[in-house]
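Engineer: start_11.tsv is reproduced in full below (TSV, C-alpha atoms).
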chain	number	residue	atom	x	y	z
A	1	MET	CA	-21.89	48.95	-54.09
A	2	LYS	CA	-20.89	45.51	-52.80
A	3	PHE	CA	-19.71	44.30	-56.22
A	4	PRO	CA	-16.92	46.92	-56.70
A	5	ILE	CA	-15.67	46.25	-53.19
A	6	LEU	CA	-15.49	42.50	-53.87
A	7	VAL	CA	-13.62	43.12	-57.14
A	8	LEU	CA	-11.12	45.40	-55.39
A	9	LEU	CA	-10.58	42.86	-52.59
A	10	SER	CA	-9.96	40.03	-55.06
A	11	LEU	CA	-7.48	42.16	-57.05
A	12	PHE	CA	-5.74	43.11	-53.82
A	13	ASN	CA	-5.49	39.41	-52.90
A	14	VAL	CA	-3.90	38.54	-56.26
A	15	CYS	CA	-1.43	41.42	-55.99
A	16	ILE	CA	-0.34	40.47	-52.49
A	17	TYR	CA	-0.04	36.72	-52.92
A	18	GLY	CA	1.02	36.63	-56.58
A	19	GLN	CA	1.17	33.28	-58.26
A	20	ASN	CA	0.44	29.95	-56.68
A	21	ILE	CA	2.19	26.75	-57.66
A	22	GLU	CA	0.76	23.44	-56.56
A	23	GLY	CA	1.11	19.87	-57.83
A	24	LYS	CA	3.81	17.71	-59.39
A	25	PHE	CA	5.60	18.95	-62.52
A	26	CYS	CA	8.08	16.82	-64.48
A	27	GLY	CA	10.32	17.31	-67.47
A	28	LYS	CA	13.19	15.68	-69.32
A	29	ARG	CA	16.50	17.37	-69.88
A	30	LYS	CA	19.04	16.81	-72.59
A	31	LYS	CA	21.66	14.14	-72.15
A	32	ASN	CA	24.68	15.08	-70.09
A	33	PHE	CA	27.51	13.16	-68.42
A	34	MET	CA	24.92	11.21	-66.37
A	35	GLY	CA	22.89	10.20	-69.44
A	36	ARG	CA	19.27	11.28	-69.87
A	37	VAL	CA	18.04	13.22	-66.87
A	38	SER	CA	14.46	13.77	-65.69
A	39	LEU	CA	13.47	16.37	-63.14
A	40	CYS	CA	10.28	16.41	-61.07
A	41	LEU	CA	9.27	19.17	-58.67
A	42	GLU	CA	6.29	18.61	-56.40
A	43	PHE	CA	4.81	21.65	-54.65
A	44	ASN	CA	2.32	21.14	-51.82
A	45	GLY	CA	0.83	24.64	-52.02
A	46	LYS	CA	1.88	25.36	-48.42
A	47	GLY	CA	5.53	26.26	-48.93
A	48	ARG	CA	7.17	22.79	-49.12
A	49	PHE	CA	8.55	21.02	-52.17
A	50	ILE	CA	10.14	17.71	-53.15
A	51	SER	CA	12.72	17.56	-55.94
A	52	GLU	CA	13.50	14.31	-57.78
A	53	ILE	CA	16.40	14.06	-60.20
A	54	ILE	CA	16.13	10.77	-62.06
A	55	THR	CA	19.05	9.17	-63.93
A	56	ASP	CA	20.30	5.65	-63.27
A	57	VAL	CA	19.55	6.51	-59.65
A	58	VAL	CA	16.96	8.79	-58.08
A	59	ILE	CA	18.11	11.76	-56.00
A	60	VAL	CA	15.35	13.08	-53.74
A	61	GLU	CA	15.68	16.38	-51.88
A	62	GLU	CA	13.15	18.46	-49.96
A	63	GLY	CA	12.87	22.03	-48.84
A	64	ASP	CA	10.87	25.22	-48.63
A	65	TYR	CA	9.69	27.29	-51.55
A	66	GLN	CA	8.47	30.82	-51.87
A	67	VAL	CA	6.71	32.53	-54.78
A	68	SER	CA	7.08	36.29	-54.87
A	69	GLY	CA	5.72	37.98	-57.99
A	70	ASP	CA	7.45	36.24	-60.89
A	71	ARG	CA	10.21	34.75	-58.68
A	72	LEU	CA	10.41	31.20	-57.36
A	73	ILE	CA	12.94	30.56	-54.59
A	74	LEU	CA	13.76	26.98	-53.61
A	75	THR	CA	15.58	26.59	-50.28
A	76	PHE	CA	16.76	23.02	-49.82
A	77	ASP	CA	16.82	21.35	-46.41
A	78	LEU	CA	20.24	21.19	-44.84
A	79	ILE	CA	21.94	17.86	-45.56
A	80	ASP	CA	25.26	16.94	-43.97
A	81	HIS	CA	27.57	15.88	-46.81
A	82	SER	CA	30.73	16.33	-44.75
A	83	GLU	CA	31.52	12.61	-44.43
A	84	PHE	CA	31.25	12.04	-48.21
A	85	VAL	CA	33.29	15.18	-48.97
A	86	ARG	CA	35.90	14.30	-46.32
A	87	GLU	CA	36.44	10.87	-47.97
A	88	SER	CA	36.95	12.55	-51.35
A	89	TYR	CA	39.21	15.21	-49.80
A	90	ASN	CA	41.42	12.56	-48.22
A	91	LEU	CA	41.32	10.15	-51.19
A	92	PHE	CA	42.60	12.73	-53.67
A	93	ASN	CA	45.03	14.43	-51.23
A	94	ILE	CA	43.41	17.78	-51.96
A	95	LYS	CA	45.40	19.68	-49.33
A	96	GLU	CA	48.69	18.57	-50.89
A	97	ASN	CA	47.66	18.51	-54.56
A	98	GLU	CA	45.32	21.51	-54.75
A	99	GLY	CA	46.31	23.47	-51.65
A	100	LEU	CA	42.67	23.84	-50.54
A	101	SER	CA	41.43	23.61	-46.98
A	102	PHE	CA	38.56	21.19	-46.34
A	103	GLU	CA	36.12	24.12	-46.06
A	104	GLU	CA	37.26	25.56	-49.42
A	105	TYR	CA	37.03	22.15	-51.09
A	106	TYR	CA	33.54	21.60	-49.67
A	107	ASN	CA	32.42	24.95	-51.09
A	108	VAL	CA	33.97	24.25	-54.51
A	109	LEU	CA	32.52	20.72	-54.72
A	110	LEU	CA	28.97	21.46	-53.50
A	111	GLY	CA	28.59	25.18	-54.16
A	112	VAL	CA	27.63	25.93	-50.55
A	113	LYS	CA	29.55	26.51	-47.34
A	114	ILE	CA	29.47	23.96	-44.52
A	115	GLY	CA	26.20	24.39	-42.60
A	116	GLU	CA	24.59	26.51	-45.33
A	117	ARG	CA	21.33	25.62	-47.11
A	118	GLU	CA	21.39	25.52	-50.91
A	119	ILE	CA	19.17	28.16	-52.53
A	120	LYS	CA	18.07	28.12	-56.17
A	121	LYS	CA	16.29	31.11	-57.67
A	122	PHE	CA	14.13	31.09	-60.79
A	123	ILE	CA	12.05	33.49	-62.84
A	124	ILE	CA	8.59	32.09	-63.57
A	125	ILE	CA	8.21	32.55	-67.33
A	126	ASN	CA	4.88	30.77	-67.61
A	127	ASN	CA	2.65	29.28	-64.92
A	128	GLU	CA	-0.32	27.63	-66.59
A	129	LYS	CA	-2.56	24.96	-65.15
A	130	GLU	CA	-0.69	22.14	-66.93
A	131	LYS	CA	2.71	23.74	-67.70
A	132	LEU	CA	5.42	25.47	-65.72
A	133	LYS	CA	8.32	27.24	-67.43
A	134	LEU	CA	11.21	28.49	-65.30
A	135	LYS	CA	14.50	30.26	-65.98
A	136	SER	CA	17.39	29.85	-63.56
A	137	LEU	CA	18.81	33.17	-62.39
A	138	ARG	CA	22.26	31.64	-61.91
A	139	THR	CA	22.70	29.57	-65.09
A	140	LYS	CA	20.11	31.35	-67.31
A	141	LYS	CA	18.89	27.91	-68.46
A	142	ARG	CA	15.19	27.37	-69.07
A	143	ILE	CA	13.29	24.45	-67.60
A	144	ARG	CA	9.97	23.25	-69.05
A	145	LEU	CA	7.86	21.10	-66.79
A	146	ILE	CA	4.48	19.49	-67.44
A	147	LYS	CA	1.99	18.74	-64.70
A	148	ASN	CA	2.02	15.06	-63.78
A	149	SER	CA	-1.42	13.63	-63.11
A	150	SER	CA	-0.16	10.80	-60.88
In structure tokens, write the structure found in this file.
Structural biologist:
Amino acid sequence: MKFPILVLLSLFNVCIYGQNIEGKFCGKRKKNFMGRVSLCLEFNGKGRFISEIITDVVIVEEGDYQVSGDRLILTFDLIDHSEFVRESYNLFNIKENEGLSFEEYYNVLLGVKIGEREIKKFIIINNEKEKLKLKSLRTKKRIRLIKNSS
């Protein structure tokens, strides 16, 4: 009698919590305007992640992640880019040349509104022990990452 109850409880646990992603996964992407690009995503298993985009420079961002069924949602920490965007806005005379307000230009350049956190959503195609395959809901591009042992 105890065995069926334990099996039901474990199935219930899997259904509620879904997949778990933990560890560092890295992959290379095709060349683009920045040259060869590598991407690493490190998940701590407790809802936080670190993203590293590696080209000639390394861009490191952090945030929260959530796994719900076959969906992975990355919510990046809020970073204030307004000074950098303001310099670009003034340098290229955007208001005169493009007719955009600073808020509109910020949204066009970064894809988020001022004070808004960037959110990226993925479908988890494959979540194996050593491999993670994702598909971006926005761009429909697939990302293959391999678990990094370091």
Engineer: Find the residues near region 17-27 of chain A: any atom within 9 Å, counting all atoms listed in the file, skip ones fewer than 4 places away on the same chain, and give them as a PyMOL selection string.
Structural biologist: chain A and resi 12-13+37-46+50+52+67-70+127+130-132+143-150
Engineer: From the options A:Phe92, A:Phe122, A:Tyr106, A:Glu87, which residue's atoms come nearest to Thr75 (chain A), counting only C-alpha atoms?
Structural biologist: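 Once distances to Thr75 (chain A) are computed over only C-alpha atoms, the minimum belongs to A:Phe122.
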Engineer: Figure out the distance between CA of Gly99 (chain A) and CA of Thr139 (chain A), please, to one decimal in Å.
Structural biologist: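 Straight-line distance from CA of Thr139 (chain A) to CA of Gly99 (chain A) works out to 27.8 Å.
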Engineer: Do you have the CA of Ile125 (chain A)-CA of Gly63 (chain A) distance handy?
Structural biologist: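 CA of Gly63 (chain A) lies at a distance of 21.8 Å from CA of Ile125 (chain A).
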Engineer: Return as JSON the centre and edge lengths, in Å with one decimal, of the box along x, y and z that encloses every atom of region 112-127 of chain A in the file, padded by 4 Å per side.
Structural biologist:
{"center_x": 16.1, "center_y": 28.7, "center_z": -55.1, "size_x": 34.9, "size_y": 17.5, "size_z": 33.0}
Engineer: Considering all atoms listed in the file, can you say which of A:Val108, A:Arg142, A:Leu100, A:Asn93 comes closest to Asn126 (chain A)?
Structural biologist: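 Closest to Asn126 (chain A), using all atoms listed in the file: A:Arg142.
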Engineer: Separation of CA of Asn90 (chain A) and CA of Ile54 (chain A), in Å?
Structural biologist: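 Separating CA of Asn90 (chain A) from CA of Ile54 (chain A) is a distance of 28.9 Å.
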Engineer: Find, counting only C-alpha atoms, the residue in A:Val60, A:Ile123, A:Leu109, A:Ile114 that gets nearest to Asp80 (chain A).
Structural biologist: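 Closest residue, counting only C-alpha atoms: A:Ile114.
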Engineer: Please provide as number ranges by chain all residues within 8 Å of Tyr89 (chain A), with the sequence filter that same-chain residues fewer than 5 positions apart are discarded (counting all atoms listed in the file).
Structural biologist: A: 94-95, 102, 105
Engineer: Compare A:Asp56, A:Glu61, A:Glu83, A:Glu98 by their minimum atom-to-atom distance to Glu118 (chain A), counting all atoms listed in the file, and give me the closest one.
Structural biologist: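 Checking each of A:Asp56, A:Glu61, A:Glu83, A:Glu98 against Glu118 (chain A), counting all atoms listed in the file, the winner is A:Glu61.
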Engineer: Could you tell me, as an mmCIF file with C-alpha atoms, keeping the file's coordinate frame, which residues have any atom at most 12 Å from (24.4, 16.2, -45.2), counting all atoms listed in the file?
Structural biologist:
data_model
loop_
_atom_site.group_PDB
_atom_site.id
_atom_site.type_symbol
_atom_site.label_atom_id
_atom_site.label_comp_id
_atom_site.auth_asym_id
_atom_site.auth_seq_id
_atom_site.Cartn_x
_atom_site.Cartn_y
_atom_site.Cartn_z
ATOM 1 C CA GLU A 61 15.680 16.380 -51.880
ATOM 2 C CA PHE A 76 16.760 23.020 -49.820
ATOM 3 C CA ASP A 77 16.820 21.350 -46.410
ATOM 4 C CA LEU A 78 20.240 21.190 -44.840
ATOM 5 C CA ILE A 79 21.940 17.860 -45.560
ATOM 6 C CA ASP A 80 25.260 16.940 -43.970
ATOM 7 C CA HIS A 81 27.570 15.880 -46.810
ATOM 8 C CA SER A 82 30.730 16.330 -44.750
ATOM 9 C CA GLU A 83 31.520 12.610 -44.430
ATOM 10 C CA PHE A 84 31.250 12.040 -48.210
ATOM 11 C CA VAL A 85 33.290 15.180 -48.970
ATOM 12 C CA ARG A 86 35.900 14.300 -46.320
ATOM 13 C CA TYR A 106 33.540 21.600 -49.670
ATOM 14 C CA LEU A 110 28.970 21.460 -53.500
ATOM 15 C CA VAL A 112 27.630 25.930 -50.550
ATOM 16 C CA LYS A 113 29.550 26.510 -47.340
ATOM 17 C CA ILE A 114 29.470 23.960 -44.520
ATOM 18 C CA GLY A 115 26.200 24.390 -42.600
ATOM 19 C CA GLU A 116 24.590 26.510 -45.330
ATOM 20 C CA ARG A 117 21.330 25.620 -47.110
ATOM 21 C CA GLU A 118 21.390 25.520 -50.910
#
